[in-house]
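Q: My questions will all concern the structure given below.
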Amino acid sequence: MESTLERTWAEIDLDKVVHNYRTLKARIGENCKFLGVVKADSYGSGSIPVSKVLQEEGADYLAVSSIDEAIELRKHDITLPILILGHTPKEEVKNLIKYQITQAVSCIEDAYDYSEEAGKANGTLTIHIKADTGMSRIGFLCNDEELDASVNQIVEAMALPGLLTEGIFTHLAVSDEPGEFCKDYTNHQIANFKEAIVKAEARSGKKFAIRHCANTGGVARYPETWLDFDMVRPGLLLYGYGEFAEELGLKPVMALKSKVYGIKHYPADTRISYGGIFTTKRPTRMGIIPYGYADGFFRCLSNRVEVYTESGLVNQRGKICMDMCMIDLTDVPEVGEGSTVEIFGNLQSINDIAALAGTIPYEIACAVSKRVPRIYYRNGEIVGKELMLRG
Ligand SMILES: *Cc1c(COP(=O)(O)O)cnc(C)c1O
């Protein structure tokens, strides 16, 4: 659906996706494949345009979390291999095969179910085995105690008819965290992953074509994850968020902007918004921006956050409402009705907003809601405006 309004909008700079991709690709080198994680609508940036750019740039693989996300990409001319990281109900195996989507397999029961369904569909399902080496989420449990038994199950899965095991992967739980403990933990995960691979290959007599474990933390801090494996799997870095992105010279893809749509003047001692948590201390010129928690502004940021105007940062005042919030423009008379403000992007980092909200940039990016139109830029020009509401 096309957007008509200039209310609050997200500018998605696809040139920055290109820049980030090329920078990361240069880092990992020619011998390692690149999977772009485009789940959750590319962390709020629009999975279709981002995937198209990655496809053009020669990325090797994409990953999403569900079959719905994968089929959406297929219906929009994405021909790259797509890996579903999460669980898919066995009833959907026929569609996985039909749309040539790769499925993660994280337990032996699923492997049997998928094999049976592939047989019924008279096709072959391409799979990547998921090993749990310490994330303690999904996957064949490959901790020190269970590794050997789990490898036997992995080998059992690999031998099932109707399944083609193309790859194996694991997910690193603390690769982006500082400190010796996290370093040891990550290295231990990598070591267990390697051991599981060596044993599964020896026992099955087959080789995994694509072995992968590097998320953002891996790509940023553990060269082994691209030097010793076949593919990396970053998400956050691709979008240019987080401290590692800054260190690596990557650029934030999304800038969230809004417009002052009204100005009010209040005397001192006026309580502002729900709950009256802010009281003016002086005659105040208050701007109203149509950006609230239903757009993805976190209410916990109320009265603590700043937004960037053409004249610099100003304070947000009072509780953030569902559809709007107030900003103090008393000291910036040149900022008026129709002025654009940036909530995060190039002038104010999403990382700072996340820190202030007590969360991670992932959550802030994913929270930008459906009613915020995405405006896509390529070579400095607008190439699309998309509103994710039902058209
Ligand atoms: C989300 C996800 C990634 C990407 O993580 P980032 O921290 O954004 O790089 C990689 N692998 C798996 C299994 C994931 O779920």
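The way I read the labels, and the way they are meant: chains A, B, ... in the order of the structure tokens, residue 1 as the first residue of every chain, and ligand 1 as the first ligand shown, with later ones counted on from there.
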Name the residues, by chain letter and number, that sit within 6 Å of ligand 1 using only C-alpha atoms and all ligand atoms, and give them as a list in words.

A: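 Counting only what the definition allows, namely only C-alpha atoms and all ligand atoms, the set is Val37, Leu85, His171, Asn215, Thr216, Arg233, Pro234, Gly235 and Leu236 of chain A.
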
Q: Run DSSP on the backbone and tell me which residues of region 23-189 of chain A come out as helix (DSSP H, G or I); list them as JSON, numbers by chain.

A: {"A": [23, 24, 25, 26, 27, 28, 39, 40, 41, 42, 43, 47, 48, 49, 50, 51, 52, 53, 54, 55, 56, 57, 67, 68, 69, 70, 71, 72, 73, 74, 90, 91, 92, 93, 94, 95, 96, 97, 98, 108, 109, 110, 111, 112, 113, 114, 115, 116, 117, 118, 119, 120, 147, 148, 149, 150, 151, 152, 153, 154, 155, 156, 157, 158, 180, 181, 182, 183, 184, 185, 186, 187, 188, 189]}

Q: What parts of region 133-345 of chain A does DSSP call strand (DSSP E)? I'd like the answer as a ChimeraX atom specification.

A: /A:140-141,163-170,210-214,231-232,254-259,262-266,271-272,278-279,284-289,306-309,312-317,325-328,340-344

Q: Identify which of the residues A:Cys182, A:Ile288, A:Ile343, A:Leu14 lies closest to Ile327 (chain A), counting only C-alpha atoms when measuring atom-to-atom distances.

A: A:Ile288

Q: Would you mind listing what lies within 8 Å of Ser45 (chain A) as a ChimeraX atom specification, with only C-alpha atoms counted and same-chain residues fewer than 5 positions away left out?

A: /A:12,50,253-254,365,374

Q: Give me, as a list in words, all polymer residues having an atom no more than 10 Å from Lys75 (chain A), counting only C-alpha atoms and skipping those fewer than 4 positions away in the same chain.

A: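 Contacts, with the query itself left out: Ile48, Ala70, Ile71, Thr79 and Tyr99 of chain A.
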
Q: Hey, can you check how far CA of Tyr377 (chain A) sits from CA of Glu342 (chain A)?

A: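 Result for CA of Tyr377 (chain A) versus CA of Glu342 (chain A): 16.7 Å, one decimal.
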
Q: Which residues are close to Ala214 (chain A), i.e. within 9 Å by only C-alpha atoms, leaving aside same-chain residues fewer than 2 positions away? Reply as a PyMOL selection string.

A: chain A and resi 170-172+175+212+216-220+222+225-226+229+231-234

Q: Compile the contact shell of Leu164 (chain A) as a PDB file with C-alpha atoms, in the first residue's frame: residues with an atom at most 7 Å away, counting only C-alpha atoms, same-chain residues fewer than 2 positions apart removed.

A:
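And here is the file that came out, part_3.pdb:
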ATOM      1  CA  THR A 124      13.035 -33.398  -1.276  1.00  0.00           C
ATOM      2  CA  LEU A 125      13.275 -30.910   1.541  1.00  0.00           C
ATOM      3  CA  THR A 126      16.603 -29.136   1.933  1.00  0.00           C
ATOM      4  CA  ILE A 127      17.541 -28.809   5.592  1.00  0.00           C
ATOM      5  CA  GLY A 162      13.214 -37.011   1.485  1.00  0.00           C
ATOM      6  CA  GLU A 166      22.897 -29.077   3.058  1.00  0.00           C
TER       7      GLU A 166
END

Q: Could you tell me how far CA of Glu69 (chain A) sits from CA of Ser136 (chain A), in Å to one decimal place?

A: 24.3 Å

Q: Within 9 Å of Gly384 (chain A), counting only C-alpha atoms, which residues qualify if same-chain residues fewer than 2 places away don't, as a ChimeraX atom specification?

A: /A:2,49,374-377,382,386

Q: With N, CA and C atoms retained, write the just-selected residues as a PDB file, in the first residue's frame.

A:
ATOM      1  N   GLU A   2       0.479   2.239  -0.771  1.00  0.00           N
ATOM      2  CA  GLU A   2       1.244   3.492  -0.824  1.00  0.00           C
ATOM      3  C   GLU A   2       0.822   4.387   0.325  1.00  0.00           C
ATOM      4  N   PRO A  49      12.553  -4.970  -0.100  1.00  0.00           N
ATOM      5  CA  PRO A  49      13.608  -4.144  -0.708  1.00  0.00           C
ATOM      6  C   PRO A  49      15.015  -4.530  -0.242  1.00  0.00           C
ATOM      7  N   ARG A 374       7.332   3.325   5.291  1.00  0.00           N
ATOM      8  CA  ARG A 374       8.759   3.209   4.992  1.00  0.00           C
ATOM      9  C   ARG A 374       9.008   3.896   3.655  1.00  0.00           C
ATOM     10  N   ILE A 375       9.958   4.781   3.638  1.00  0.00           N
ATOM     11  CA  ILE A 375      10.313   5.454   2.391  1.00  0.00           C
ATOM     12  C   ILE A 375      11.719   4.991   2.021  1.00  0.00           C
ATOM     13  N   TYR A 376      11.811   4.343   0.854  1.00  0.00           N
ATOM     14  CA  TYR A 376      13.075   3.727   0.466  1.00  0.00           C
ATOM     15  C   TYR A 376      13.874   4.638  -0.445  1.00  0.00           C
ATOM     16  N   TYR A 377      15.144   4.751  -0.169  1.00  0.00           N
ATOM     17  CA  TYR A 377      16.045   5.573  -0.984  1.00  0.00           C
ATOM     18  C   TYR A 377      17.090   4.693  -1.656  1.00  0.00           C
ATOM     19  N   ILE A 382      14.167   8.700  -3.906  1.00  0.00           N
ATOM     20  CA  ILE A 382      13.092   7.858  -3.394  1.00  0.00           C
ATOM     21  C   ILE A 382      12.717   6.815  -4.439  1.00  0.00           C
ATOM     22  N   GLU A 386       6.132   2.722   1.204  1.00  0.00           N
ATOM     23  CA  GLU A 386       5.323   1.554   1.552  1.00  0.00           C
ATOM     24  C   GLU A 386       4.667   1.740   2.906  1.00  0.00           C
TER      25      GLU A 386
END

Q: Which is closest to Tyr291 (chain A) among A:Tyr261, A:Tyr308, A:Tyr274, A:Tyr241, if we use only C-alpha atoms?

A: A:Tyr261

Q: Ranking A:Ile82, A:Ile108, A:Leu141, A:Leu256 by minimum distance to Leu96 (chain A) and counting only C-alpha atoms, which one comes first?

A: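 Result for the nearest residue to Leu96 (chain A): A:Ile82.
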
Q: Taking into account only C-alpha atoms, which residue in the set A:Ala10, A:Ala111, A:Leu347, A:Val307 is nearest to Val372 (chain A)?

A: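 Nearest candidate to Val372 (chain A) out of A:Ala10, A:Ala111, A:Leu347, A:Val307: A:Ala10.
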
Q: Calculated over only C-alpha atoms, which of the candidates A:Val314, A:Glu177, A:Val53, A:Ile168 has the smallest distance to Ala196 (chain A)?

A: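 Looking only at the distances to Ala196 (chain A), the closest residue turns out to be A:Ile168.
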
Q: Quick one: pull the distance between CA of Ile97 (chain A) and CA of Gly36 (chain A), Å, one decimal.

A: 21.2 Å

Q: Restricting the calculation to only C-alpha atoms, which member of A:Arg7, A:Arg285, A:Lys33, A:Arg378 is positioned closest to Tyr61 (chain A)?

A: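 Comparing A:Arg7, A:Arg285, A:Lys33, A:Arg378 against Tyr61 (chain A), the winner is A:Lys33.
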